[in-house]
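query_39.txt (compact mmCIF, C-alpha atoms)
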# COMPACT_ATOMS: atom_id res chain seq x y z
CA MET A 1 -36.25 -148.47 29.83
CA ALA A 2 -36.48 -151.97 31.21
CA THR A 3 -37.50 -152.18 34.85
CA THR A 4 -37.78 -154.93 37.40
CA GLN A 5 -39.01 -154.37 40.90
CA ILE A 6 -39.43 -155.92 44.30
CA SER A 7 -42.98 -155.94 45.64
CA LEU A 8 -43.91 -156.03 49.32
CA ILE A 9 -47.71 -155.90 48.91
CA ARG A 10 -48.72 -158.43 46.25
CA GLU A 11 -52.29 -157.13 45.99
CA HIS A 12 -51.07 -153.66 45.00
CA THR A 13 -48.70 -155.03 42.37
CA ALA A 14 -51.40 -157.26 40.91
CA LYS A 15 -53.59 -154.15 40.37
CA ILE A 16 -50.84 -151.91 38.97
CA ARG A 17 -49.36 -154.60 36.64
CA PRO A 18 -45.81 -153.27 36.17
CA PRO A 19 -43.68 -155.02 33.52
CA ARG A 20 -41.71 -157.22 35.95
CA ALA A 21 -42.15 -157.68 39.69
CA LEU A 22 -40.91 -160.08 42.33
CA TRP A 23 -43.23 -160.34 45.34
CA VAL A 24 -41.34 -161.06 48.55
CA PRO A 25 -42.91 -162.24 51.83
CA PHE A 26 -40.83 -159.91 54.00
CA GLU A 27 -41.92 -157.26 56.46
CA LEU A 28 -42.36 -153.64 55.47
CA GLY A 29 -38.98 -151.90 55.63
CA ARG A 30 -37.00 -155.01 54.65
CA PRO A 31 -37.43 -155.60 50.91
CA LEU A 32 -34.16 -157.54 50.68
CA GLY A 33 -35.13 -159.81 53.57
CA ARG A 34 -32.52 -159.86 56.29
CA PRO A 35 -29.82 -157.34 57.28
CA ASN A 36 -26.18 -158.47 57.11
CA ASP A 37 -27.08 -161.62 55.16
CA ALA A 38 -25.33 -161.05 51.83
CA GLU A 39 -26.08 -164.52 50.50
CA PHE A 40 -29.81 -164.22 51.10
CA GLN A 41 -29.98 -160.65 49.78
CA THR A 42 -28.16 -161.76 46.63
CA ARG A 43 -30.72 -164.52 46.04
CA VAL A 44 -33.52 -161.97 46.30
CA LEU A 45 -31.78 -159.47 44.02
CA MET A 46 -30.94 -162.16 41.45
CA ALA A 47 -34.54 -163.38 41.41
CA ALA A 48 -35.64 -159.80 40.57
CA LEU A 49 -32.88 -159.31 37.96
CA LYS A 50 -33.65 -162.64 36.26
CA LEU A 51 -37.09 -161.28 35.38
CA LEU A 52 -35.30 -158.99 32.89
CA GLU A 53 -34.82 -162.12 30.79
CA ALA A 54 -38.52 -162.96 30.66
CA PRO A 55 -39.71 -163.11 27.04
CA SER A 56 -42.87 -161.09 27.66
CA GLY A 57 -44.92 -159.54 30.44
CA PRO A 58 -46.34 -158.35 32.71
CA VAL A 59 -44.63 -160.82 35.02
CA LEU A 60 -45.42 -161.20 38.73
CA ALA A 61 -43.26 -163.87 40.34
CA ASP A 62 -43.23 -164.99 43.99
CA PHE A 63 -40.00 -165.37 45.96
CA PRO A 64 -40.38 -168.76 47.66
CA GLU A 65 -38.41 -168.23 50.89
CA ASP A 66 -39.22 -166.39 54.10
CA ALA A 67 -36.48 -164.21 55.57
CA PRO A 68 -34.23 -166.40 57.74
CA GLN A 69 -34.22 -165.89 61.48
CA SER A 70 -31.15 -165.44 63.64
CA GLU A 71 -29.50 -168.65 64.80
CA ASP A 72 -29.93 -167.28 68.33
CA PHE A 73 -33.62 -166.62 67.79
CA ALA A 74 -34.72 -169.19 70.36
CA GLU A 75 -32.76 -167.40 73.11
CA GLY A 76 -34.70 -164.17 72.65
CA TRP A 77 -33.18 -160.73 73.07
CA ALA A 78 -32.96 -158.41 76.02
CA CYS A 79 -31.96 -154.78 75.88
CA PRO A 80 -28.50 -154.30 77.44
CA ILE A 81 -29.57 -151.02 79.01
CA ASN A 82 -31.40 -151.29 82.32
CA LEU A 83 -34.27 -148.80 82.24
CA SER A 84 -36.04 -150.11 85.33
CA ASP A 85 -35.41 -146.85 87.20
CA GLU A 86 -37.51 -145.07 84.63
CA LYS A 87 -40.64 -147.14 85.17
CA ARG A 88 -41.79 -145.01 88.06
CA GLU A 89 -44.89 -142.94 87.60
CA LEU A 90 -44.11 -139.59 86.00
CA THR A 91 -47.09 -137.40 86.69
CA ASP A 92 -46.11 -134.07 85.27
CA SER A 93 -44.43 -132.82 82.15
CA GLU A 94 -41.39 -131.46 83.94
CA ALA A 95 -40.65 -134.80 85.58
CA LEU A 96 -41.28 -136.59 82.28
CA LEU A 97 -38.89 -134.30 80.43
CA MET A 98 -36.18 -134.73 83.09
CA ALA A 99 -36.54 -138.51 82.93
CA PHE A 100 -36.36 -138.33 79.12
CA LYS A 101 -33.13 -136.35 79.14
CA SER A 102 -31.68 -138.73 81.72
CA GLU A 103 -32.63 -141.72 79.60
CA ILE A 104 -31.03 -140.20 76.50
CA ASN A 105 -27.81 -139.69 78.47
CA ARG A 106 -27.87 -143.28 79.70
CA MET A 107 -28.23 -144.54 76.13
CA ARG A 108 -25.29 -142.45 74.89
CA SER A 109 -22.45 -144.90 75.52
CA TRP A 110 -24.33 -147.71 73.78
CA TYR A 111 -25.24 -145.44 70.89
CA ASP A 112 -21.59 -144.40 70.50
CA LEU A 113 -20.56 -148.06 70.67
CA GLY A 114 -22.99 -148.87 67.89
CA VAL A 115 -21.56 -146.11 65.71
CA THR A 116 -18.02 -147.35 66.33
CA ARG A 117 -18.92 -151.01 65.67
CA HIS A 118 -20.87 -150.38 62.50
CA GLY A 119 -19.03 -147.32 61.21
CA ARG A 120 -22.28 -145.52 60.61
CA THR A 121 -25.40 -144.03 62.10
CA THR A 122 -28.73 -143.08 60.58
CA PHE A 123 -29.21 -140.39 63.23
CA GLY A 124 -29.02 -136.80 62.03
CA VAL A 125 -31.75 -136.06 59.49
CA SER A 126 -33.19 -133.37 61.77
CA GLY A 127 -29.86 -131.57 62.05
CA LEU A 128 -30.14 -131.68 65.86
CA ASP A 129 -27.62 -133.43 68.10
CA PRO A 130 -28.27 -135.95 70.90
CA GLY A 131 -27.57 -133.30 73.52
CA THR A 132 -30.42 -131.00 72.48
CA ILE A 133 -32.94 -133.17 70.65
CA GLY A 134 -34.73 -134.26 73.84
CA ALA A 135 -35.36 -130.66 74.91
CA PHE A 136 -36.65 -129.75 71.46
CA VAL A 137 -39.17 -132.62 71.21
CA GLY A 138 -40.12 -132.21 74.88
CA GLY A 139 -40.79 -128.56 74.11
CA PHE A 140 -44.09 -129.60 72.49
CA LEU A 141 -45.46 -131.08 75.72
CA GLU A 142 -48.62 -129.48 77.06
CA GLY A 143 -49.33 -127.75 73.78
CA LYS A 144 -46.32 -125.45 73.83
CA ILE A 145 -44.64 -124.47 70.57
CA PRO A 146 -40.83 -124.30 70.73
CA ASP A 147 -38.73 -122.14 68.44
CA ASN A 148 -37.88 -123.73 65.10
CA PRO A 149 -34.15 -124.59 65.12
CA ARG A 150 -34.07 -124.72 61.31
CA ALA A 151 -34.90 -121.80 59.05
CA ASP A 152 -35.11 -124.00 55.94
CA LEU A 153 -37.78 -126.46 57.08
CA SER A 154 -41.22 -126.13 58.63
CA LEU A 155 -41.53 -126.70 62.36
CA ALA A 156 -43.81 -129.70 61.78
CA LEU A 157 -41.25 -131.34 59.50
CA VAL A 158 -38.42 -130.68 61.95
CA LEU A 159 -40.51 -132.31 64.70
CA LYS A 160 -41.16 -135.35 62.49
CA LEU A 161 -37.46 -135.67 61.63
CA ALA A 162 -36.46 -135.21 65.28
CA VAL A 163 -38.88 -137.97 66.32
CA ASP A 164 -37.31 -140.28 63.73
CA ASP A 165 -33.84 -139.35 64.96
CA ILE A 166 -34.81 -140.23 68.53
CA LYS A 167 -36.11 -143.62 67.40
CA ALA A 168 -32.91 -144.24 65.43
CA TYR A 169 -30.73 -143.24 68.39
CA TYR A 170 -32.55 -145.59 70.73
CA LEU A 171 -32.72 -148.56 68.35
CA GLU A 172 -29.08 -148.25 67.31
CA ALA A 173 -28.09 -148.09 71.00
CA ALA A 174 -30.25 -151.07 71.91
CA ALA A 175 -28.81 -153.20 69.10
CA ALA A 176 -25.19 -152.23 69.81
CA GLU A 177 -24.21 -154.88 72.35
CA PRO A 178 -21.71 -157.23 70.69
CA GLY A 179 -21.91 -160.99 70.85
CA LYS A 180 -25.59 -161.15 71.75
CA SER A 181 -28.47 -162.56 69.73
CA GLU A 182 -29.63 -160.29 66.96
CA PRO A 183 -32.85 -158.53 67.97
CA THR A 184 -35.81 -158.82 65.62
CA SER A 185 -37.63 -155.73 64.44
CA VAL A 186 -40.59 -156.65 66.66
CA GLU A 187 -38.38 -157.07 69.74
CA LEU A 188 -36.81 -153.67 69.16
CA ALA A 189 -40.14 -151.94 68.48
CA ASP A 190 -41.83 -153.59 71.47
CA TRP A 191 -38.93 -152.55 73.69
CA PHE A 192 -39.04 -148.95 72.48
CA TRP A 193 -42.80 -148.42 72.62
CA LYS A 194 -43.43 -150.38 75.83
CA GLU A 195 -40.33 -149.85 77.97
CA THR A 196 -38.88 -146.39 77.35
CA VAL A 197 -39.61 -142.94 78.69
CA ALA A 198 -39.01 -141.70 75.14
CA ALA A 199 -42.16 -143.51 74.00
CA ARG A 200 -44.17 -141.86 76.77
CA VAL A 201 -42.87 -138.48 75.68
CA LEU A 202 -43.68 -139.14 72.03
CA ARG A 203 -47.22 -140.23 72.90
CA ALA A 204 -47.69 -137.06 74.98
CA VAL A 205 -46.30 -134.92 72.15
CA LYS A 206 -48.65 -136.68 69.74
CA GLU A 207 -51.63 -135.82 71.97
CA ALA A 208 -50.50 -132.22 72.37
CA CYS A 209 -50.03 -131.70 68.63
CA GLN A 210 -53.26 -133.30 67.50
CA ASN A 211 -55.20 -131.27 70.06
CA GLY A 212 -53.54 -128.00 69.02
CA THR A 213 -54.51 -125.49 66.37
CA ASP A 214 -51.59 -125.63 63.93
CA PRO A 215 -52.82 -127.73 60.98
CA MET A 216 -49.45 -129.25 60.06
CA LEU A 217 -48.66 -130.10 63.67
CA LYS A 218 -52.11 -131.69 63.98
CA ILE A 219 -51.42 -133.97 61.00
CA THR A 220 -47.96 -134.76 62.33
CA GLY A 221 -49.43 -135.70 65.69
CA GLN A 222 -52.28 -137.72 64.20
CA ARG A 223 -50.28 -139.77 61.71
CA LEU A 224 -46.51 -139.44 61.80
CA ILE A 225 -45.23 -139.92 65.36
CA VAL A 226 -46.63 -143.21 66.71
CA PRO A 227 -46.94 -146.20 64.33
CA MET A 228 -50.44 -147.62 63.87
CA SER A 229 -49.36 -150.89 65.47
CA TYR A 230 -48.48 -149.12 68.73
CA LEU A 231 -51.37 -146.65 69.12
CA MET B 232 -44.51 -160.36 57.55
CA ALA B 233 -45.76 -158.14 54.72
CA ARG B 234 -48.35 -160.69 53.64
CA LEU B 235 -51.31 -158.35 53.74
CA GLU B 236 -53.50 -160.72 55.71
CA ARG B 237 -50.87 -160.90 58.47
CA LEU B 238 -50.47 -157.16 59.03
CA PRO B 239 -52.07 -156.06 62.31
CA GLU B 240 -55.06 -153.76 62.28
CA PRO B 241 -55.46 -150.88 61.69
CA LEU B 242 -52.36 -151.01 59.47
CA ARG B 243 -53.81 -153.86 57.38
CA SER B 244 -56.95 -151.94 56.45
CA HIS B 245 -54.94 -148.78 55.80
CA VAL B 246 -52.58 -150.57 53.39
CA ALA B 247 -55.39 -152.53 51.73
CA GLY B 248 -57.31 -149.30 51.14
CA LEU B 249 -54.50 -147.40 49.45
CA GLU B 250 -55.41 -146.30 45.95
CA CYS B 251 -53.35 -148.01 43.25
CA PRO B 252 -53.10 -146.52 39.76
CA THR B 253 -54.04 -148.73 36.84
CA PHE B 254 -52.99 -148.32 33.24
CA GLU B 255 -54.62 -149.06 29.91
CA THR B 256 -51.39 -150.34 28.34
CA ASN B 257 -48.64 -152.70 29.48
CA PRO B 258 -45.37 -151.22 28.18
CA TRP B 259 -42.57 -153.66 27.58
CA VAL B 260 -38.91 -153.02 26.71
CA ASP B 261 -36.54 -155.81 25.72
CA GLY B 262 -32.80 -155.50 26.04
CA PRO B 263 -29.44 -157.21 25.97
CA PRO B 264 -28.50 -160.22 28.11
CA LEU B 265 -28.31 -159.55 31.85
CA ARG B 266 -24.53 -160.06 31.85
CA THR B 267 -24.12 -156.92 29.69
CA ARG B 268 -26.73 -154.66 31.33
CA ARG B 269 -25.91 -151.43 33.15
CA VAL B 270 -28.09 -151.39 36.25
CA ALA B 271 -29.28 -148.56 38.50
CA LEU B 272 -31.25 -148.66 41.75
CA ILE B 273 -34.32 -146.54 42.38
CA SER B 274 -35.68 -146.59 45.92
CA THR B 275 -38.89 -145.20 47.39
CA ALA B 276 -37.48 -145.22 50.93
CA GLY B 277 -36.84 -141.47 51.12
CA LEU B 278 -33.06 -141.96 51.02
CA HIS B 279 -30.58 -139.13 50.51
CA ARG B 280 -27.05 -138.06 51.31
CA ARG B 281 -26.62 -136.68 54.80
CA ASP B 282 -26.06 -133.10 53.62
CA ASP B 283 -28.91 -133.18 51.08
CA ARG B 284 -32.36 -131.76 51.77
CA PRO B 285 -34.79 -134.00 53.66
CA PHE B 286 -37.95 -134.93 51.77
CA GLN B 287 -40.91 -132.63 52.39
CA PHE B 288 -44.38 -133.98 53.23
CA MET B 289 -45.96 -135.63 50.15
CA SER B 290 -42.99 -134.65 47.97
CA GLY B 291 -42.83 -136.11 44.43
CA GLU B 292 -39.14 -135.21 44.08
CA TYR B 293 -36.18 -137.54 43.92
CA ARG B 294 -32.69 -137.33 45.37
CA ILE B 295 -29.48 -138.32 43.63
CA ILE B 296 -27.32 -140.96 45.31
CA PRO B 297 -23.86 -141.07 43.71
CA GLY B 298 -22.39 -144.53 43.45
CA ASP B 299 -19.48 -143.57 45.72
CA THR B 300 -21.79 -142.60 48.59
CA THR B 301 -20.54 -144.17 51.81
CA THR B 302 -22.82 -146.12 54.14
CA ASN B 303 -22.60 -143.41 56.83
CA ASP B 304 -23.55 -140.76 54.31
CA LEU B 305 -26.93 -142.32 53.40
CA VAL B 306 -29.88 -141.40 55.61
CA MET B 307 -33.66 -141.77 55.42
CA SER B 308 -36.34 -139.07 55.75
CA HIS B 309 -39.45 -140.99 54.67
CA ILE B 310 -42.49 -139.53 56.47
CA SER B 311 -44.22 -142.82 57.32
CA SER B 312 -43.70 -144.37 60.75
CA ASN B 313 -45.37 -147.64 59.72
CA PHE B 314 -42.42 -149.71 58.52
CA ASP B 315 -39.35 -151.11 60.22
CA ARG B 316 -36.20 -148.97 60.05
CA SER B 317 -34.00 -151.10 62.26
CA GLY B 318 -32.99 -153.21 59.26
CA PHE B 319 -31.68 -150.11 57.45
CA GLN B 320 -29.94 -149.01 60.65
CA GLN B 321 -28.05 -152.32 60.68
CA ASP B 322 -27.38 -152.71 56.96
CA TRP B 323 -28.14 -150.26 54.15
CA ASN B 324 -28.39 -153.15 51.66
CA ILE B 325 -31.74 -154.13 53.19
CA VAL B 326 -33.34 -151.21 51.28
CA PHE B 327 -30.49 -150.09 49.00
CA PRO B 328 -28.57 -153.19 47.83
CA LEU B 329 -25.66 -151.32 46.22
CA ASP B 330 -23.01 -153.62 47.71
CA ARG B 331 -24.88 -156.65 46.33
CA LEU B 332 -25.13 -155.02 42.91
CA ARG B 333 -21.40 -154.25 42.88
CA GLU B 334 -20.63 -157.88 43.79
CA LEU B 335 -22.76 -159.09 40.90
CA ALA B 336 -20.87 -156.78 38.55
CA ASP B 337 -17.54 -158.06 39.91
CA ARG B 338 -18.70 -161.59 39.15
CA ALA B 339 -19.83 -160.53 35.64
CA VAL B 340 -23.43 -161.54 36.39
CA ILE B 341 -24.45 -158.03 35.31
CA GLY B 342 -22.48 -155.77 32.98
CA SER B 343 -21.94 -152.76 35.22
CA VAL B 344 -23.38 -150.59 37.98
CA ALA B 345 -24.63 -147.11 37.10
CA GLU B 346 -22.68 -144.11 38.31
CA PHE B 347 -25.77 -142.62 39.98
CA HIS B 348 -28.82 -144.03 41.75
CA TYR B 349 -31.96 -142.33 42.94
CA SER B 350 -34.58 -142.28 45.66
CA PHE B 351 -38.13 -141.03 45.78
CA MET B 352 -40.20 -140.79 48.97
CA GLY B 353 -43.01 -143.29 48.52
CA ALA B 354 -45.68 -141.61 50.67
CA ALA B 355 -46.70 -139.27 47.90
CA ASP B 356 -49.34 -139.23 45.17
CA PRO B 357 -47.80 -141.13 42.23
CA ARG B 358 -49.24 -138.49 39.92
CA GLN B 359 -46.90 -135.99 41.60
CA MET B 360 -43.98 -138.20 40.62
CA GLU B 361 -44.77 -138.68 36.93
CA ALA B 362 -43.14 -135.52 35.58
CA THR B 363 -39.96 -136.01 37.61
CA ALA B 364 -39.86 -139.70 36.68
CA ARG B 365 -39.96 -138.78 33.00
CA ASP B 366 -37.13 -136.27 33.53
CA LEU B 367 -35.18 -138.95 35.39
CA ALA B 368 -35.55 -141.39 32.48
CA VAL B 369 -33.63 -138.93 30.27
CA VAL B 370 -30.87 -138.64 32.87
CA LEU B 371 -30.63 -142.42 33.20
CA LYS B 372 -30.23 -142.87 29.47
CA LYS B 373 -27.36 -140.38 29.46
CA ASP B 374 -25.70 -142.63 32.08
CA ASP B 375 -26.20 -145.54 29.61
CA VAL B 376 -28.49 -147.32 32.07
CA ASN B 377 -30.61 -150.02 30.45
CA ALA B 378 -32.03 -151.77 33.51
CA LEU B 379 -33.61 -150.40 36.66
CA VAL B 380 -34.23 -152.22 39.93
CA LEU B 381 -37.10 -150.51 41.75
CA VAL B 382 -36.97 -151.19 45.49
CA PRO B 383 -39.88 -150.40 47.83
CA VAL B 384 -39.73 -150.03 51.61
Kindly transcribe the structure held in the file into structure tokens.
Amino acid sequence: MATTQISLIREHTAKIRPPRALWVPFELGRPLGRPNDAEFQTRVLMAALKLLEAPSGPVLADFPEDAPQSEDFAEGWACPINLSDEKRELTDSEALLMAFKSEINRMRSWYDLGVTRHGRTTFGVSGLDPGTIGAFVGGFLEGKIPDNPRADLSLALVLKLAVDDIKAYYLEAAAAEPGKSEPTSVELADWFWKETVAARVLRAVKEACQNGTDPMLKITGQRLIVPMSYL
Amino acid sequence: MARLERLPEPLRSHVAGLECPTFETNPWVDGPPLRTRRVALISTAGLHRRDDRPFQFMSGEYRIIPGDTTTNDLVMSHISSNFDRSGFQQDWNIVFPLDRLRELADRAVIGSVAEFHYSFMGAADPRQMEATARDLAVVLKKDDVNALVLVPV
């Protein structure tokens, strides 16, 4: 069966030598370049599909354009939600957990606005809801092990999925304000990992898990909660 | 940018050090003109329908994504935390360009869009995926698919 593919890491594709590949200079997570830019995405997809008409292979072509930036890029982006109250020192787990739950509640209206505006959310893979997810993840602070809310998945996997749901909730809320400049992925990630109580909780949960005795929770803490770029 | 040299450390060294399989042969399949091809998407982004099972750690399985899946019904349970997900949160086409594919079919640039698409979860040993990939090839042929677009994340 004829295949064509998009490649994000050219060096890998050059080693593997698939029949047809289009290397693109976009960031990891964005193989079609730019969200909500149908014209640009179509150019990328067409460049990959056109390789199906190559007479022989392997073919490794390079897409010549970088992903376009927002027209408002020069203005920068600021999160619409004022979290300044949460920058106080939180010295114990109980205070941290209370601040986390408070922050989740403050994000809720913006999250709901985002869902209404876009007609979708990526939150929900853990099966937990915004009202209880903070307590579940916070339950791992100080090395405690909460009950598993799902009988069909391991506790470590539920934790990983809940962490991803929290990130999705926050980023969808932060990007929900209409009429403002489109935030870049770096702006959103910097905001989350440097400005939110959620990030402090996730770092503390990471520490607790990787210092614990459960092997799957150790791996989850070591590798799957905080991205390498924000360790 | 995903130019390897521009990734920050330690991510750059981690990605550069990933083992890549090599093959002794270079298989090649010709086919009809693009304007008559039936095209399916295969993602490695760990995508699945909302009520489908999340991917397990290091899973070599795939999930079926019917062509009538709505945008709100597609979620991601990839285990890696080292790629941007905000693009997918804003627009599913950034990792799963089904709308773009449909538009190309409407314009007769491609022949048709397959009834079903599929996603693997890319943080797995490729050798774990081989058997399921071979099974999937049989399924794709039954759907008269003769062109696959493989999309990474």
I'd like to know which of B:Ile296, B:Arg269, B:Ala368, B:Pro264 is closest to Lys50 in chain A, using only C-alpha atoms.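 Of the candidates, the smallest distance to Lys50 in chain A is held by B:Pro264.
Each of A:Val197, A:Ala78, A:Ala204, A:Leu188 was compared to chain B using all atoms listed in the file, and A:Leu188 turns out to be the nearest.
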Pull out every residue of chain A sitting within 7 Å of chain B, counting all atoms listed in the file, and send them as a ChimeraX atom specification. /A:1-9,12,15-16,19,25-36,42,57-58,119-122,125,161,171-172,185,224-229
I'd like the contact shell of Glu346 in chain B - 8 Å cut-off, all atoms listed in the file, skipping same-chain residues fewer than 6 positions apart - returned as a VMD selection string. chain B and resid 271 297 to 298 374
Write out as a VMD selection string each polymer residue whose atoms come within 8 Å of Glu177 in chain A, counting all atoms listed in the file; drop sequence neighbours fewer than 5 positions from it. chain A and resid 80 110 113 to 114
Which residue of A:Cys79, A:Ala208, A:Ala198, A:Leu155 approaches Pro178 in chain A most closely, using only C-alpha atoms: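 Of A:Cys79, A:Ala208, A:Ala198, A:Leu155, the one nearest Pro178 in chain A, counting only C-alpha atoms, is A:Cys79.
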Atom pair CA of Ala362 in chain B + CA of Gly291 in chain B, distance 8.9 Å
May I have the residues within 12 Å of Glu94 in chain A as a ChimeraX atom specification, using only C-alpha atoms and disregarding those fewer than 3 positions away in the same chain? /A:90-91,97-101,135,138-142,201
One number please: CA of Pro130 in chain A to CA of Val115 in chain A, in Å, one decimal. 13.2 Å
Taken to one decimal, the CA of Phe40 in chain A-CA of Ile295 in chain B distance is 27.0 Å
Please write as an mmCIF file with C-alpha atoms, keeping the file's coordinate frame the list of polymer residues whose atoms come within 12 Å of (-50.2, -137.2, 65.0), counting only C-alpha atoms and keeping to the coordinates of the file.
data_model
loop_
_atom_site.group_PDB
_atom_site.id
_atom_site.type_symbol
_atom_site.label_atom_id
_atom_site.label_comp_id
_atom_site.auth_asym_id
_atom_site.auth_seq_id
_atom_site.Cartn_x
_atom_site.Cartn_y
_atom_site.Cartn_z
ATOM 1 C CA ALA A 156 -43.810 -129.700 61.780
ATOM 2 C CA LEU A 159 -40.510 -132.310 64.700
ATOM 3 C CA LYS A 160 -41.160 -135.350 62.490
ATOM 4 C CA VAL A 163 -38.880 -137.970 66.320
ATOM 5 C CA LEU A 202 -43.680 -139.140 72.030
ATOM 6 C CA ARG A 203 -47.220 -140.230 72.900
ATOM 7 C CA ALA A 204 -47.690 -137.060 74.980
ATOM 8 C CA VAL A 205 -46.300 -134.920 72.150
ATOM 9 C CA LYS A 206 -48.650 -136.680 69.740
ATOM 10 C CA GLU A 207 -51.630 -135.820 71.970
ATOM 11 C CA ALA A 208 -50.500 -132.220 72.370
ATOM 12 C CA CYS A 209 -50.030 -131.700 68.630
ATOM 13 C CA GLN A 210 -53.260 -133.300 67.500
ATOM 14 C CA ASN A 211 -55.200 -131.270 70.060
ATOM 15 C CA GLY A 212 -53.540 -128.000 69.020
ATOM 16 C CA ASP A 214 -51.590 -125.630 63.930
ATOM 17 C CA PRO A 215 -52.820 -127.730 60.980
ATOM 18 C CA MET A 216 -49.450 -129.250 60.060
ATOM 19 C CA LEU A 217 -48.660 -130.100 63.670
ATOM 20 C CA LYS A 218 -52.110 -131.690 63.980
ATOM 21 C CA ILE A 219 -51.420 -133.970 61.000
ATOM 22 C CA THR A 220 -47.960 -134.760 62.330
ATOM 23 C CA GLY A 221 -49.430 -135.700 65.690
ATOM 24 C CA GLN A 222 -52.280 -137.720 64.200
ATOM 25 C CA ARG A 223 -50.280 -139.770 61.710
ATOM 26 C CA LEU A 224 -46.510 -139.440 61.800
ATOM 27 C CA ILE A 225 -45.230 -139.920 65.360
ATOM 28 C CA VAL A 226 -46.630 -143.210 66.710
ATOM 29 C CA PRO A 227 -46.940 -146.200 64.330
ATOM 30 C CA MET A 228 -50.440 -147.620 63.870
ATOM 31 C CA LEU A 231 -51.370 -146.650 69.120
ATOM 32 C CA ILE B 310 -42.490 -139.530 56.470
ATOM 33 C CA SER B 311 -44.220 -142.820 57.320
ATOM 34 C CA SER B 312 -43.700 -144.370 60.750
#
